[in-house]
Each structure stands twice: as C-alpha cells, then as structure tokens.
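All remarks here apply to the structure that follows.
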Amino acid sequence: MKILIGTKNPGKIEGAKKAFERYFSNVDIEGIAVDSEVPDQPINSEILKGAKNRIKNLKKYAKENKIESDFYIASEAGITNSLGEWIDINCAVIENKEGFQSIGTSQGFPIPEKYIEEIRKTELGKIMDRLFNKKDTGKGNGGISYLSKGEITRIDLSKNAFIMALTRFINGDLWK
C-alpha cells in the first residue's frame with residue numbers, strides 16, 4: 001500500500017506509519033515536503049485548513065511527478081481555544097485515491113495563557129525549545145514528551161489523530 005504524507009517531519013511520519021500498520025499490511029509511506037499555506041503557528045480553523053492544503057499540494061505534486069498513491073495524508077498541529085481554554089492538537093486528514101476524505105484529531109494538551117502571545121508571534125515549538133533548553137523539540141518525540149514526563153510523544157499524538165481519521169476507512173459503509 002503506497003501512502004504519501006505531506007511532511008518530512010519524522011515524528012509525523014512515524015505516527016502515521018504506526019496508525020496505518022494497525023489496520024493494513026505492506027504499508028509504504030513516503031514523506032514529501034509541501035506547503036500548508038497557513039502561518040507557522042496555526043490557530044483554530046487554520047489547523048484543519050493547513051492539513052487540507054497539504055493534501056491539495058501533495059496531490060498536485062504526485063500528479064506532476066507521476067506518482068501513484070493509495071492514500072494522501074497530512075497532519076497539522078496548532079493551538080485552539082474553541083473549547084474556551086487553549087490546547088494544542090494535531091489534526092489529520094486522509095484522502096484515498098477515489099477522493100474520499102476523512103479527518104481526525106489527537107488528544108490535546110493545555111497551553112498556559114502566559115505563553116499564548118509569544119506563541120502567536122513565533123510558534124509553540126520554539127517556546128518548547130527555550131523552556132526545555134532543547135533544539136527542534138517539534139521533531140521526533142516533541143515537547144509533549146517533556147511535559148508528560150515521557151508518557152506521550154509527538155509520535156503518539158500523530159498516530160492517534162490518524163487512527164481517528166481512519167475510522168471512516170476501516171468500518172466499511174457503516175461510518176461513511
């Protein structure tokens with residue numbers, strides 16, 4: 001099964017691979033860097049928009065380069081206050097070669113209000129790098145691995161978001 005993912009981020013790729021391998025065999029995922037067309041720090045509706053834009057740009061890239069794929073997938077992380085409190089979530093979008101699309105999100109973790117303005121001006125990953133004296137915490141295990149004391153990683157968040165999106169693909173017509 002050929003899958004194209006709209007990122008080169010190793011944490012997102014590994015999370016997607018783990019999600020698809022739960023339900024499919026012979027999973028081959030290729031990461032391709034494509035633009036999200038949203039700010040580096042997506043907020044609220046920009047999160048889903050960014051993931052959908054990555055799918056659009058991924059399909060365009062595949063067509064231009066004559067690459068066949070069973071699924072086009074993408075995820076975008078961002079902060080949202082749609083529930084009245086700031087949280088960070090991952091939003092995953094999956095589209096099959098027939099054009100059927102599904103979305104899912106990961107669980108979210110709280111963002112203290114004291115960091116919101118700084119995050120808006122830069123991005124959460126840069127704040128995490130500074131707070132934990134690390135570099136590129138948004139790649140690999142992510143800042144959540146430090147916040148959860150190793151219990152949850154960025155890979156887990158990506159995997160869970162993709163599993164949520166896969167529910168419309170793994171249940172036949174029941175959930176379509």
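All residue names refer to the structure tokens as shown: chains lettered A, B, ... in order, residues numbered from 1 in each chain, ligands numbered from 1 in order.
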
Which of chain A end up as alpha helix (DSSP H) when DSSP is run on this backbone - answer as a tab-separated table (two decimals) with C-alpha atoms, in the first residue's frame?
chain	number	residue	atom	x	y	z
A	10	PRO	CA	9.99	12.14	11.26
A	11	GLY	CA	7.56	12.20	14.22
A	12	LYS	CA	4.53	12.73	11.99
A	13	ILE	CA	5.71	10.09	9.51
A	14	GLU	CA	6.32	7.51	12.24
A	15	GLY	CA	2.94	8.24	13.87
A	16	ALA	CA	1.14	7.82	10.54
A	17	LYS	CA	3.02	4.59	9.80
A	18	LYS	CA	2.05	3.13	13.18
A	19	ALA	CA	-1.60	4.10	12.65
A	20	PHE	CA	-1.85	2.55	9.18
A	21	GLU	CA	0.02	-0.61	10.25
A	46	GLU	CA	-6.07	27.27	10.40
A	47	ILE	CA	-5.16	23.85	11.82
A	48	LEU	CA	-7.63	21.91	9.64
A	49	LYS	CA	-7.11	24.29	6.72
A	50	GLY	CA	-3.35	23.65	6.85
A	51	ALA	CA	-3.79	19.88	6.79
A	52	LYS	CA	-6.27	20.07	3.90
A	53	ASN	CA	-3.95	22.40	1.98
A	54	ARG	CA	-1.13	19.89	2.43
A	55	ILE	CA	-3.36	17.21	0.85
A	56	LYS	CA	-4.17	19.50	-2.07
A	57	ASN	CA	-0.50	20.33	-2.63
A	58	LEU	CA	0.56	16.71	-2.15
A	59	LYS	CA	-1.89	15.53	-4.84
A	60	LYS	CA	-0.62	18.26	-7.18
A	61	TYR	CA	2.98	17.15	-6.56
A	62	ALA	CA	2.07	13.50	-7.16
A	63	LYS	CA	0.31	14.33	-10.43
A	64	GLU	CA	3.18	16.50	-11.70
A	116	ILE	CA	-0.11	32.48	24.19
A	117	GLU	CA	1.07	35.88	22.92
A	118	GLU	CA	4.62	34.63	22.50
A	119	ILE	CA	3.36	31.51	20.68
A	120	ARG	CA	1.23	33.66	18.37
A	121	LYS	CA	4.33	35.69	17.43
A	124	LEU	CA	4.90	26.60	20.11
A	125	GLY	CA	7.96	24.53	19.11
A	126	LYS	CA	10.28	27.49	19.63
A	127	ILE	CA	8.80	28.13	23.07
A	128	MET	CA	9.26	24.44	23.95
A	129	ASP	CA	12.89	24.58	22.74
A	130	ARG	CA	13.53	27.54	25.05
A	131	LEU	CA	11.68	26.13	28.06
A	143	GLY	CA	7.63	18.85	23.57
A	144	ILE	CA	4.75	16.75	24.88
A	145	SER	CA	7.27	14.05	25.79
A	146	TYR	CA	8.85	16.52	28.25
A	147	LEU	CA	5.51	17.79	29.54
A	154	ARG	CA	4.52	13.57	19.28
A	155	ILE	CA	4.52	10.21	17.53
A	156	ASP	CA	1.64	9.10	19.78
A	157	LEU	CA	-0.33	12.29	19.08
A	158	SER	CA	0.14	11.86	15.32
A	159	LYS	CA	-0.72	8.17	15.47
A	160	ASN	CA	-3.93	8.85	17.39
A	161	ALA	CA	-5.03	11.64	15.05
A	162	PHE	CA	-4.51	9.34	12.05
A	163	ILE	CA	-6.38	6.47	13.75
A	164	MET	CA	-9.32	8.82	14.35
A	165	ALA	CA	-9.30	9.78	10.65
A	166	LEU	CA	-9.02	6.12	9.63

Using only C-alpha atoms, which residues sit within 8 Å of Gln41 in chain A once same-chain residues fewer than 2 positions away are excluded, as a ChimeraX atom specification?
/A:38-39,43,78-79,119-120,122-124

Could you write those residues out with N, CA and C atoms, as an mmCIF file, in the first residue's frame?
data_model
loop_
_atom_site.group_PDB
_atom_site.id
_atom_site.type_symbol
_atom_site.label_atom_id
_atom_site.label_comp_id
_atom_site.auth_asym_id
_atom_site.auth_seq_id
_atom_site.Cartn_x
_atom_site.Cartn_y
_atom_site.Cartn_z
ATOM 1 N N VAL A 38 -0.639 28.078 5.582
ATOM 2 C CA VAL A 38 -1.107 28.740 6.800
ATOM 3 C C VAL A 38 0.137 29.209 7.562
ATOM 4 N N PRO A 39 -0.024 30.081 8.556
ATOM 5 C CA PRO A 39 1.139 30.533 9.328
ATOM 6 C C PRO A 39 1.871 29.367 9.999
ATOM 7 N N ILE A 43 -3.657 28.569 14.210
ATOM 8 C CA ILE A 43 -4.559 28.812 15.334
ATOM 9 C C ILE A 43 -5.987 28.541 14.877
ATOM 10 N N GLY A 78 -1.512 22.606 15.953
ATOM 11 C CA GLY A 78 -1.780 24.014 16.227
ATOM 12 C C GLY A 78 -2.460 24.181 17.567
ATOM 13 N N ILE A 79 -2.693 25.440 17.909
ATOM 14 C CA ILE A 79 -3.359 25.730 19.181
ATOM 15 C C ILE A 79 -4.781 26.219 18.899
ATOM 16 N N ILE A 119 3.605 32.573 21.666
ATOM 17 C CA ILE A 119 3.359 31.507 20.684
ATOM 18 C C ILE A 119 2.776 32.097 19.409
ATOM 19 N N ARG A 120 1.836 33.009 19.545
ATOM 20 C CA ARG A 120 1.234 33.657 18.366
ATOM 21 C C ARG A 120 2.289 34.366 17.510
ATOM 22 N N THR A 122 5.567 33.601 17.380
ATOM 23 C CA THR A 122 6.583 32.676 16.868
ATOM 24 C C THR A 122 5.899 31.351 16.545
ATOM 25 N N GLU A 123 6.095 30.383 17.403
ATOM 26 C CA GLU A 123 5.384 29.113 17.320
ATOM 27 C C GLU A 123 5.670 28.306 18.579
ATOM 28 N N LEU A 124 4.796 27.378 18.885
ATOM 29 C CA LEU A 124 4.903 26.595 20.112
ATOM 30 C C LEU A 124 6.243 25.864 20.197
#

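Nearest to Lys114 in chain A of all the residues A:Trp86, A:Phe132, A:Glu76, A:Asn96 is A:Trp86, based on only C-alpha atoms.
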
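Atom pair CA of Lys134 in chain A / CA of Gly31 in chain A has a distance of 24.5 Å (rounded to one decimal).
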
I'd like to know which of A:Ile170, A:Ala33, A:Ile5, A:Ile111 is closest to Ser75 in chain A, using only C-alpha atoms.
A:Ile5

Out of range 22-144 of chain A, which residues get strand (DSSP E or B) from DSSP, as a ChimeraX atom specification?
/A:28-31,43,71-80,87-96,101-105,109-110

With N, CA and C atoms kept, could you save the residues just selected as a short mmCIF file (atom, residue, chain, number, x, y, z; two decimals), in the first residue's frame?
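Generated output (selection_25.cif):
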data_model
loop_
_atom_site.label_atom_id
_atom_site.label_comp_id
_atom_site.auth_asym_id
_atom_site.auth_seq_id
_atom_site.Cartn_x
_atom_site.Cartn_y
_atom_site.Cartn_z
N ASP A 28 3.78 1.38 2.92
CA ASP A 28 4.95 2.11 2.44
C ASP A 28 4.59 3.60 2.44
N ILE A 29 5.22 4.37 3.34
CA ILE A 29 4.93 5.79 3.45
C ILE A 29 6.12 6.60 2.96
N GLU A 30 5.83 7.55 2.07
CA GLU A 30 6.86 8.45 1.57
C GLU A 30 6.52 9.87 2.00
N GLY A 31 7.45 10.52 2.67
CA GLY A 31 7.27 11.89 3.10
C GLY A 31 7.71 12.88 2.04
N ILE A 43 -3.66 28.57 14.21
CA ILE A 43 -4.56 28.81 15.33
C ILE A 43 -5.99 28.54 14.88
N PHE A 71 -3.26 6.39 -0.73
CA PHE A 71 -3.73 7.41 0.21
C PHE A 71 -2.81 8.63 0.17
N TYR A 72 -3.43 9.79 0.35
CA TYR A 72 -2.72 11.05 0.54
C TYR A 72 -3.07 11.49 1.96
N ILE A 73 -2.05 11.74 2.77
CA ILE A 73 -2.32 12.06 4.16
C ILE A 73 -1.50 13.26 4.61
N ALA A 74 -2.00 13.95 5.62
CA ALA A 74 -1.29 15.09 6.18
C ALA A 74 -1.78 15.34 7.60
N SER A 75 -0.95 16.01 8.36
CA SER A 75 -1.39 16.46 9.67
C SER A 75 -0.82 17.85 9.93
N GLU A 76 -1.53 18.57 10.74
CA GLU A 76 -1.10 19.93 11.12
C GLU A 76 -1.36 20.06 12.61
N ALA A 77 -0.36 20.53 13.33
CA ALA A 77 -0.53 20.79 14.75
C ALA A 77 -0.77 22.28 14.94
N GLY A 78 -1.51 22.61 15.95
CA GLY A 78 -1.78 24.01 16.23
C GLY A 78 -2.46 24.18 17.57
N ILE A 79 -2.69 25.44 17.91
CA ILE A 79 -3.36 25.73 19.18
C ILE A 79 -4.78 26.22 18.90
N THR A 80 -5.67 25.83 19.78
CA THR A 80 -7.06 26.24 19.64
C THR A 80 -7.66 26.58 21.00
N ILE A 87 -5.50 24.82 23.98
CA ILE A 87 -4.90 23.48 23.92
C ILE A 87 -4.17 23.33 22.59
N ASP A 88 -3.23 22.43 22.57
CA ASP A 88 -2.52 22.07 21.33
C ASP A 88 -3.09 20.74 20.85
N ILE A 89 -3.43 20.68 19.56
CA ILE A 89 -3.93 19.45 18.98
C ILE A 89 -3.25 19.19 17.64
N ASN A 90 -3.34 17.97 17.20
CA ASN A 90 -2.92 17.58 15.85
C ASN A 90 -4.18 17.23 15.08
N CYS A 91 -4.28 17.73 13.88
CA CYS A 91 -5.41 17.41 13.02
C CYS A 91 -4.88 16.62 11.83
N ALA A 92 -5.43 15.44 11.58
CA ALA A 92 -5.01 14.59 10.47
C ALA A 92 -6.10 14.56 9.41
N VAL A 93 -5.68 14.56 8.16
CA VAL A 93 -6.59 14.41 7.03
C VAL A 93 -6.07 13.26 6.19
N ILE A 94 -6.99 12.38 5.80
CA ILE A 94 -6.68 11.24 4.94
C ILE A 94 -7.61 11.29 3.75
N GLU A 95 -7.06 11.16 2.55
CA GLU A 95 -7.87 11.08 1.34
C GLU A 95 -7.39 9.89 0.52
N ASN A 96 -8.35 9.04 0.11
CA ASN A 96 -7.96 7.90 -0.71
C ASN A 96 -7.89 8.30 -2.18
N GLN A 101 -12.50 11.63 1.70
CA GLN A 101 -11.67 12.26 2.71
C GLN A 101 -12.26 12.11 4.10
N SER A 102 -11.39 12.00 5.08
CA SER A 102 -11.80 11.92 6.48
C SER A 102 -10.79 12.71 7.32
N ILE A 103 -11.26 13.21 8.45
CA ILE A 103 -10.39 13.95 9.36
C ILE A 103 -10.44 13.33 10.76
N GLY A 104 -9.42 13.61 11.53
CA GLY A 104 -9.38 13.18 12.92
C GLY A 104 -8.47 14.10 13.69
N THR A 105 -8.60 14.09 15.00
CA THR A 105 -7.70 14.89 15.84
C THR A 105 -7.11 14.01 16.93
N PHE A 109 -3.34 18.96 24.67
CA PHE A 109 -2.76 19.27 25.97
C PHE A 109 -2.84 20.78 26.21
N PRO A 110 -3.00 21.19 27.47
CA PRO A 110 -3.23 22.60 27.78
C PRO A 110 -1.99 23.46 27.55
#
